[in-house]
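Okay, work.cif is below, mmCIF, C-alpha atoms:
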```cif
data_final
#
loop_
_atom_site.label_atom_id
_atom_site.label_comp_id
_atom_site.auth_asym_id
_atom_site.auth_seq_id
_atom_site.Cartn_x
_atom_site.Cartn_y
_atom_site.Cartn_z
CA MET A 1 82.43 110.46 67.21
CA THR A 2 80.70 111.49 70.38
CA SER A 3 82.67 113.51 72.86
CA LEU A 4 82.55 113.59 76.62
CA LEU A 5 84.21 116.98 76.79
CA THR A 6 82.70 120.35 76.18
CA ASP A 7 84.66 123.11 74.46
CA GLU A 8 84.93 124.77 77.84
CA ALA A 9 86.48 121.62 79.28
CA ARG A 10 89.16 121.61 76.56
CA GLY A 11 90.17 125.04 77.84
CA TRP A 12 91.20 123.40 81.13
CA LEU A 13 94.47 122.27 79.60
CA GLY A 14 97.16 124.18 81.46
CA ALA A 15 94.92 125.01 84.41
CA GLU A 16 96.84 125.31 87.68
CA GLN A 17 96.03 125.11 91.35
CA THR A 18 98.31 125.68 94.32
CA PHE A 19 97.27 124.65 97.81
CA GLU A 20 98.13 126.24 101.13
CA PRO A 21 101.35 124.86 102.63
CA TRP A 22 100.73 121.62 104.49
CA LEU A 23 102.42 121.38 107.89
CA VAL A 24 103.65 117.80 108.31
CA THR A 25 103.40 116.65 111.93
CA ARG A 26 104.80 113.70 113.90
CA MET A 27 101.21 112.63 114.58
CA GLN A 28 100.29 112.47 110.88
CA ILE A 29 103.44 110.47 110.18
CA ALA A 30 102.63 108.03 113.01
CA GLN A 31 99.04 107.68 111.79
CA TYR A 32 100.22 106.95 108.27
CA ALA A 33 102.87 104.47 109.41
CA HIS A 34 100.45 102.56 111.64
CA THR A 35 97.75 102.46 108.96
CA LEU A 36 100.26 100.92 106.54
CA GLY A 37 101.79 98.52 109.06
CA ILE A 38 105.17 100.27 108.88
CA THR A 39 107.20 99.68 112.05
CA ASP A 40 110.62 101.26 111.41
CA ARG A 41 111.32 103.48 114.41
CA VAL A 42 112.64 106.39 112.30
CA HIS A 43 108.97 107.12 111.51
CA LEU A 44 107.79 106.94 115.12
CA ASP A 45 110.59 107.94 117.46
CA VAL A 46 112.33 111.28 117.13
CA GLU A 47 115.49 110.08 118.90
CA GLU A 48 115.79 107.12 116.53
CA ALA A 49 115.25 109.45 113.61
CA ARG A 50 117.97 111.83 114.80
CA ARG A 51 120.40 108.97 115.35
CA ALA A 52 119.79 108.01 111.71
CA GLY A 53 120.69 111.55 110.61
CA HIS A 54 117.27 113.10 110.17
CA ARG A 55 116.30 116.35 111.86
CA ASP A 56 112.97 114.87 113.05
CA VAL A 57 110.83 111.80 112.40
CA VAL A 58 110.91 111.04 108.70
CA ALA A 59 107.78 110.24 106.73
CA PRO A 60 107.54 106.83 105.08
CA LEU A 61 107.77 106.75 101.31
CA GLY A 62 104.20 107.35 100.19
CA PHE A 63 103.26 109.88 102.86
CA HIS A 64 102.88 112.55 100.17
CA LEU A 65 99.61 110.81 99.22
CA VAL A 66 98.17 112.18 102.48
CA ILE A 67 98.79 115.70 101.22
CA ARG A 68 97.67 114.94 97.67
CA HIS A 69 94.34 113.48 98.72
CA ALA A 70 93.55 115.57 101.75
CA ALA A 71 94.33 119.02 100.34
CA PRO A 72 91.50 119.14 97.75
CA ASN A 73 89.00 117.83 100.32
CA LEU A 74 89.72 120.55 102.88
CA ILE A 75 86.53 122.37 101.96
CA PRO A 76 83.26 122.81 103.85
CA ILE A 77 81.45 119.48 104.09
CA THR A 78 78.39 121.13 102.54
CA GLU A 79 80.43 121.62 99.35
CA LEU A 80 81.23 117.94 98.97
CA ALA A 81 79.28 116.00 96.35
CA GLU A 82 76.52 113.57 97.33
CA ASP A 83 79.02 110.71 97.05
CA GLY A 84 81.34 112.50 99.47
CA GLY A 85 83.86 113.37 96.78
CA SER A 86 85.12 116.69 95.48
CA ASP A 87 85.80 117.93 91.94
CA ASP A 88 89.56 118.07 92.45
CA MET A 89 90.21 119.88 89.16
CA THR A 90 88.21 117.49 87.01
CA PRO A 91 87.18 119.16 83.73
CA PRO A 92 83.41 119.22 83.19
CA SER A 93 82.19 116.27 81.15
CA THR A 94 79.25 113.95 80.61
CA ALA A 95 81.35 110.99 81.85
CA GLN A 96 79.64 108.64 84.28
CA ARG A 97 82.77 107.28 85.91
CA ARG A 98 86.06 108.69 87.10
CA MET A 99 88.92 106.20 87.46
CA ALA A 100 92.54 106.30 88.45
CA GLY A 101 95.10 105.75 85.71
CA GLU A 102 98.84 105.53 86.02
CA THR A 103 100.82 107.36 88.70
CA THR A 104 104.52 108.11 88.25
CA THR A 105 106.37 109.55 91.22
CA THR A 106 109.92 110.88 91.40
CA PHE A 107 111.41 111.16 94.88
CA HIS A 108 114.02 113.88 95.39
CA GLN A 109 114.12 114.38 99.16
CA PRO A 110 112.49 112.81 102.22
CA ILE A 111 109.59 114.56 103.95
CA VAL A 112 110.29 115.21 107.64
CA ALA A 113 108.04 116.31 110.52
CA GLY A 114 108.03 120.09 110.66
CA ASP A 115 108.23 120.50 106.89
CA GLU A 116 105.68 122.73 105.26
CA ILE A 117 104.94 121.23 101.87
CA ARG A 118 103.25 123.21 99.15
CA LEU A 119 101.43 121.11 96.57
CA SER A 120 100.79 122.56 93.15
CA LYS A 121 98.88 120.87 90.40
CA ARG A 122 98.66 121.55 86.70
CA ILE A 123 96.66 119.85 83.95
CA GLY A 124 99.51 118.99 81.60
CA SER A 125 97.57 116.87 79.12
CA LEU A 126 93.96 116.37 78.15
CA GLU A 127 93.21 113.74 75.54
CA GLU A 128 90.08 111.99 74.38
CA LYS A 129 90.35 108.54 72.82
CA GLN A 130 87.83 106.11 71.45
CA GLY A 131 87.73 103.01 73.65
CA ARG A 132 85.91 99.72 73.09
CA SER A 133 83.04 100.86 75.29
CA GLY A 134 82.94 104.44 74.05
CA PRO A 135 84.97 107.60 74.47
CA LEU A 136 87.56 107.89 77.23
CA VAL A 137 89.15 111.08 78.50
CA PHE A 138 92.68 111.01 79.95
CA VAL A 139 93.45 113.96 82.18
CA GLY A 140 97.16 114.19 83.03
CA TYR A 141 98.06 116.11 86.18
CA ASP A 142 101.60 117.29 86.90
CA LEU A 143 102.09 117.65 90.65
CA GLU A 144 104.94 119.29 92.49
CA TYR A 145 105.56 119.04 96.22
CA ARG A 146 107.90 121.82 97.34
CA ARG A 147 109.30 122.63 100.76
CA GLU A 148 108.36 126.11 101.91
CA GLY A 149 111.31 128.32 102.69
CA SER A 150 113.89 126.65 100.49
CA GLY A 151 111.48 126.01 97.63
CA ASP A 152 113.17 122.61 97.15
CA LEU A 153 111.33 120.18 94.92
CA VAL A 154 110.74 117.23 97.25
CA ILE A 155 108.54 115.06 95.02
CA ALA A 156 107.32 115.36 91.45
CA GLU A 157 104.40 113.29 90.31
CA ARG A 158 102.34 112.66 87.20
CA TYR A 159 98.88 111.28 87.71
CA VAL A 160 96.36 110.32 85.06
CA ARG A 161 92.63 110.38 85.71
CA ILE A 162 90.38 108.53 83.30
CA LEU A 163 86.82 109.68 82.61
CA ARG A 164 84.36 107.47 80.80
CA MET B 1 115.65 88.56 98.37
CA SER B 2 119.25 89.61 98.45
CA ALA B 3 120.67 89.84 101.96
CA SER B 4 121.89 93.37 101.43
CA THR B 5 122.58 94.95 104.78
CA GLY B 6 126.04 96.44 104.47
CA GLY B 7 125.71 98.43 101.29
CA THR B 8 128.03 96.13 99.35
CA THR B 9 125.83 93.16 98.50
CA ALA B 10 125.20 92.92 94.80
CA ILE B 11 121.64 93.42 93.61
CA SER B 12 120.88 91.02 90.79
CA ALA B 13 118.08 90.50 88.34
CA GLY B 14 115.73 87.87 89.70
CA ASP B 15 116.16 88.87 93.36
CA GLU B 16 112.85 89.11 95.15
CA LEU B 17 111.78 92.24 97.01
CA PRO B 18 110.84 91.73 100.70
CA GLY B 19 107.17 91.05 100.03
CA PHE B 20 104.38 90.80 102.57
CA ASP B 21 100.71 89.87 102.84
CA VAL B 22 97.95 92.30 103.74
CA HIS B 23 94.36 91.66 104.72
CA PRO B 24 92.49 94.92 104.20
CA ASP B 25 89.52 95.20 106.54
CA PRO B 26 87.04 97.98 107.36
CA VAL B 27 89.25 99.27 110.18
CA GLN B 28 92.22 99.74 107.87
CA LEU B 29 90.04 101.38 105.22
CA PHE B 30 88.64 103.73 107.87
CA CYS B 31 92.14 104.68 109.02
CA TYR B 32 93.31 105.29 105.43
CA SER B 33 90.24 107.42 104.66
CA ALA B 34 90.88 109.36 107.85
CA ILE B 35 94.58 110.06 107.37
CA THR B 36 94.05 111.03 103.72
CA TRP B 37 90.88 112.99 104.68
CA ASN B 38 88.96 111.11 102.01
CA PRO B 39 85.20 111.44 102.61
CA HIS B 40 84.24 109.41 99.51
CA ARG B 41 81.38 107.03 100.38
CA ILE B 42 82.66 104.26 98.14
CA HIS B 43 85.17 103.33 100.87
CA TYR B 44 82.78 103.05 103.85
CA ASP B 45 79.13 103.17 102.81
CA ALA B 46 78.30 99.62 101.65
CA PRO B 47 74.65 100.30 100.66
CA TYR B 48 75.88 103.22 98.55
CA ALA B 49 78.63 101.11 96.95
CA ARG B 50 76.09 98.38 96.10
CA ASP B 51 72.96 100.29 95.18
CA VAL B 52 74.39 103.39 93.53
CA GLU B 53 77.77 102.32 92.17
CA GLY B 54 76.90 98.68 91.50
CA TYR B 55 79.80 97.06 93.37
CA ASP B 56 79.53 94.04 95.67
CA ASP B 57 80.92 95.98 98.63
CA VAL B 58 82.99 99.05 99.49
CA LEU B 59 86.32 99.39 97.68
CA VAL B 60 89.88 99.35 98.92
CA HIS B 61 91.38 102.75 98.02
CA GLY B 62 93.48 102.74 94.86
CA PRO B 63 96.06 104.96 96.59
CA LEU B 64 96.28 102.44 99.46
CA MET B 65 97.48 99.88 96.92
CA GLY B 66 100.14 102.42 95.92
CA SER B 67 101.00 103.04 99.57
CA TRP B 68 101.67 99.32 100.09
CA LEU B 69 103.93 99.32 97.05
CA MET B 70 105.86 102.28 98.44
CA ARG B 71 106.21 100.45 101.79
CA LEU B 72 107.62 97.48 99.85
CA CYS B 73 110.05 99.59 97.82
CA GLU B 74 111.31 101.58 100.79
CA ALA B 75 111.96 98.40 102.79
CA TRP B 76 113.82 96.98 99.77
CA ALA B 77 116.06 99.98 99.12
CA ARG B 78 116.71 101.28 102.63
CA PRO B 79 119.63 98.93 103.47
CA TRP B 80 121.74 100.17 100.56
CA GLY B 81 120.21 103.23 98.99
CA ARG B 82 116.98 104.95 98.15
CA VAL B 83 114.03 104.81 95.80
CA THR B 84 114.25 107.38 93.02
CA SER B 85 111.01 106.77 91.11
CA MET B 86 107.97 104.54 90.87
CA THR B 87 105.18 103.96 88.38
CA TYR B 88 102.03 101.99 89.18
CA ARG B 89 98.46 101.49 88.11
CA THR B 90 95.51 99.68 89.66
CA THR B 91 93.26 97.93 87.16
CA THR B 92 91.10 95.70 89.37
CA SER B 93 88.65 96.73 92.08
CA VAL B 94 89.45 95.14 95.44
CA HIS B 95 87.01 94.65 98.32
CA PRO B 96 87.95 94.39 101.99
CA GLY B 97 88.36 90.79 103.12
CA THR B 98 90.44 89.92 100.06
CA PRO B 99 93.90 88.68 101.07
CA LEU B 100 96.56 90.42 99.02
CA THR B 101 100.23 89.74 98.38
CA VAL B 102 102.56 92.69 97.87
CA GLY B 103 105.75 91.73 96.07
CA GLY B 104 108.30 92.40 93.40
CA VAL B 105 111.30 91.08 91.55
CA VAL B 106 114.47 92.83 90.39
CA THR B 107 114.54 93.24 86.61
CA ARG B 108 117.88 95.06 86.38
CA GLY B 109 120.68 94.62 88.88
CA GLY B 110 123.62 96.84 89.73
CA ASP B 111 123.95 100.23 91.42
CA ALA B 112 120.83 101.69 89.77
CA PRO B 113 118.53 98.69 90.04
CA GLU B 114 115.01 98.39 88.74
CA ALA B 115 112.23 96.06 89.77
CA GLU B 116 108.76 95.03 88.74
CA ILE B 117 106.25 95.39 91.59
CA TRP B 118 102.68 94.25 92.19
CA VAL B 119 99.76 93.76 94.54
CA ALA B 120 98.27 90.35 93.70
CA LEU B 121 94.94 88.70 94.41
CA PRO B 122 94.84 85.11 95.76
CA ASP B 123 94.57 83.71 92.20
CA GLY B 124 97.71 85.59 91.18
CA THR B 125 95.92 88.33 89.25
CA ARG B 126 97.76 91.60 89.66
CA ALA B 127 95.28 94.18 90.87
CA THR B 128 98.06 96.79 90.87
CA GLN B 129 101.32 96.61 89.02
CA GLY B 130 104.21 98.85 88.26
CA SER B 131 107.92 99.37 88.43
CA VAL B 132 110.48 101.02 90.67
CA SER B 133 113.93 102.51 90.17
CA ALA B 134 116.42 102.93 92.99
CA VAL B 135 120.01 104.00 93.43
CA ARG B 136 122.74 102.78 95.70
CA THR B 137 124.05 105.50 97.99
CA GLY B 138 127.31 105.73 99.86
CA GLY B 139 126.36 105.44 103.51
CA GLY B 140 124.48 102.88 105.53
CA ASP B 141 124.75 102.03 109.21
CA ALA B 142 124.16 98.71 110.91
CA ALA B 143 120.43 99.34 111.09
CA GLY B 144 120.37 99.95 107.38
CA HIS B 145 119.67 103.66 107.66
CA ILE B 146 121.21 105.68 104.93
CA ASP B 147 123.10 108.88 105.60
CA VAL B 148 120.82 111.74 104.83
CA THR B 149 122.21 115.23 104.71
CA ASP B 150 119.73 117.09 102.58
CA ASP B 151 116.94 117.18 105.13
CA ARG B 152 118.85 118.78 107.97
CA PRO B 153 117.92 122.33 108.93
CA ASP B 154 120.77 124.00 107.03
CA GLY B 155 120.27 121.82 103.98
CA GLY B 156 116.60 122.62 103.97
CA GLN B 157 117.27 126.35 103.86
CA GLN B 158 119.73 126.36 101.00
CA ARG B 159 118.47 127.51 97.67
#
```
Could you render the structure from this file as structure tokens?
Amino acid sequence: MTSLLTDEARGWLGAEQTFEPWLVTRMQIAQYAHTLGITDRVHLDVEEARRAGHRDVVAPLGFHLVIRHAAPNLIPITELAEDGGSDDMTPPSTAQRRMAGETTTTFHQPIVAGDEIRLSKRIGSLEEKQGRSGPLVFVGYDLEYRREGSGDLVIAERYVRILR
Amino acid sequence: MSASTGGTTAISAGDELPGFDVHPDPVQLFCYSAITWNPHRIHYDAPYARDVEGYDDVLVHGPLMGSWLMRLCEAWARPWGRVTSMTYRTTTSVHPGTPLTVGGVVTRGGDAPEAEIWVALPDGTRATQGSVSAVRTGGGDAAGHIDVTDDRPDGGQQR
């Protein structure tokens, strides 16, 4: 059976990366809400948010994707690939395509403007399977979003990337 | 959908989530690339998408499909509780200009309800599908905002 992964790539199991804390701002929350067509005022108006019991505007469910996708791309533009992408902890392989698999997200606490969120990422599984069209690699990432200061786990996520 | 605004309405299997239609266009894709700082050409460079990647046009971001599902689930749960977890996967490439329907249906009722969720193409094919779990919480004001205590300054500092 042919393999997409090198021996070196198999050593990536357990690899970890922690990003600099991400300061969540009212502006980012408003940009996200407007892009998604979300109109609830608790995401846009600090007084509304406070009346609802939050300490500042609260991010819509899903805002953590801003941090997840932006953090790995905060590198010099000259280091981006020709297609504009970045490696984002993808083990070296001869795969031609990189696809998104399943995402499972557990929500523990809301994200609020002013939070500093530290994203950490770990390759928790690395499996190669024989698919109909050839070998497939499933890279499982375990992500944790923690609030700086308290260290509270705000969101936990498992994301699978498929290489073929 | 169930008319659950006071925190007491029962959530039953078969109830529909408050679905909505979306019409992704280049402006929305631009805004999503911008806010997620995603420089990947596949979402804005049509000649690249066609000639190098072999698609008909640029692609709607997979995470944007997930973002719509999270908008759906938050709107569903906010009147009586909160979303605890979600699982989803996109299996079909979607191009801008394709009208999409974001929806779901409750598969388990009660105080810890579950629902099946999807983003569907005009022919009903589910480009993205998944599931959501939620939990009923105690509070809830007239606007449907739940009482949140764990994100106040003191709460945020506790270990």
Practice item. Could you list the residues chosen by the PyMOL selection byres ((chain A) within 6 of (chain B)) in this structure as a ChimeraX atom specification? Key: /A:52-53,55,61-62,66,69-70,83-85,101-107,150
What does the PyMOL selection byres ((chain A and resi 87) around 12) select in this file, as a compact mmCIF listing (two decimals) with C-alpha atoms, in the frame of the given file?
```
# COMPACT_ATOMS: atom_id res chain seq x y z
CA HIS A 69 94.34 113.48 98.72
CA PRO A 72 91.50 119.14 97.75
CA ASN A 73 89.00 117.83 100.32
CA LEU A 74 89.72 120.55 102.88
CA ILE A 75 86.53 122.37 101.96
CA GLU A 79 80.43 121.62 99.35
CA LEU A 80 81.23 117.94 98.97
CA ALA A 81 79.28 116.00 96.35
CA GLU A 82 76.52 113.57 97.33
CA ASP A 83 79.02 110.71 97.05
CA GLY A 84 81.34 112.50 99.47
CA GLY A 85 83.86 113.37 96.78
CA SER A 86 85.12 116.69 95.48
CA ASP A 88 89.56 118.07 92.45
CA MET A 89 90.21 119.88 89.16
CA THR A 90 88.21 117.49 87.01
CA PRO A 91 87.18 119.16 83.73
CA PRO A 92 83.41 119.22 83.19
CA SER A 93 82.19 116.27 81.15
CA ARG A 98 86.06 108.69 87.10
CA ARG A 161 92.63 110.38 85.71
CA HIS B 40 84.24 109.41 99.51
```
Practice item. Rounded to one decimal place, report the CA of Phe138 (chain A)-CA of Leu119 (chain A) distance in Å. Key: 21.3 Å
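The set of residues that the PyMOL selection byres ((chain B and resi 55) around 12) takes from this file is B:Ile42, B:His43, B:Asp45, B:Ala46, B:Pro47, B:Tyr48, B:Ala49, B:Arg50, B:Asp51, B:Val52, B:Glu53, B:Gly54, B:Asp56, B:Asp57, B:Val58, B:Leu59, B:Val60, B:Ser93, B:Val94, B:His95.
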C-alpha atoms of the current selection, written as a PDB file, in the coordinates of the input:
```pdb
ATOM      1  CA  ILE B  42      82.660 104.260  98.140  1.00  0.00           C
ATOM      2  CA  HIS B  43      85.170 103.330 100.870  1.00  0.00           C
ATOM      3  CA  ASP B  45      79.130 103.170 102.810  1.00  0.00           C
ATOM      4  CA  ALA B  46      78.300  99.620 101.650  1.00  0.00           C
ATOM      5  CA  PRO B  47      74.650 100.300 100.660  1.00  0.00           C
ATOM      6  CA  TYR B  48      75.880 103.220  98.550  1.00  0.00           C
ATOM      7  CA  ALA B  49      78.630 101.110  96.950  1.00  0.00           C
ATOM      8  CA  ARG B  50      76.090  98.380  96.100  1.00  0.00           C
ATOM      9  CA  ASP B  51      72.960 100.290  95.180  1.00  0.00           C
ATOM     10  CA  VAL B  52      74.390 103.390  93.530  1.00  0.00           C
ATOM     11  CA  GLU B  53      77.770 102.320  92.170  1.00  0.00           C
ATOM     12  CA  GLY B  54      76.900  98.680  91.500  1.00  0.00           C
ATOM     13  CA  ASP B  56      79.530  94.040  95.670  1.00  0.00           C
ATOM     14  CA  ASP B  57      80.920  95.980  98.630  1.00  0.00           C
ATOM     15  CA  VAL B  58      82.990  99.050  99.490  1.00  0.00           C
ATOM     16  CA  LEU B  59      86.320  99.390  97.680  1.00  0.00           C
ATOM     17  CA  VAL B  60      89.880  99.350  98.920  1.00  0.00           C
ATOM     18  CA  SER B  93      88.650  96.730  92.080  1.00  0.00           C
ATOM     19  CA  VAL B  94      89.450  95.140  95.440  1.00  0.00           C
ATOM     20  CA  HIS B  95      87.010  94.650  98.320  1.00  0.00           C
TER      21      HIS B  95
END
```
Check your understanding: Could you work out how far CA of Ile162 (chain A) lies from CA of Lys121 (chain A), giving the answer in Å with one decimal?
Key ->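 Distance between the two atoms: 16.6 Å.
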Exercise for review: May I ask for the distance between CA of Ala33 (chain A) and CA of Pro60 (chain A), given in Å to one decimal place?
Suggested key: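 Rounded to one decimal, the two atoms are 6.8 Å apart.
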Practice item. May I ask which of the residues A:Leu36, A:Val57, A:Glu127, A:Thr78 is the closest one to Met65 (chain B), counting all atoms listed in the file? Key: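 Counting all atoms listed in the file, the residue closest to Met65 (chain B) is A:Leu36.
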Practice item. Go through B:Pro113, B:Gly97, B:Gly81, B:Gly124 and flag the residue nearest Arg136 (chain B), using all atoms listed in the file for the distances. Key: B:Gly81
Exercise for review: Using all atoms listed in the file, collect all residues at a distance of at most 8 Å from (109.1, 109.5, 104.0) as written in the file, then present them as a ChimeraX atom specification.
Suggested key: /A:43,58-64,110-112
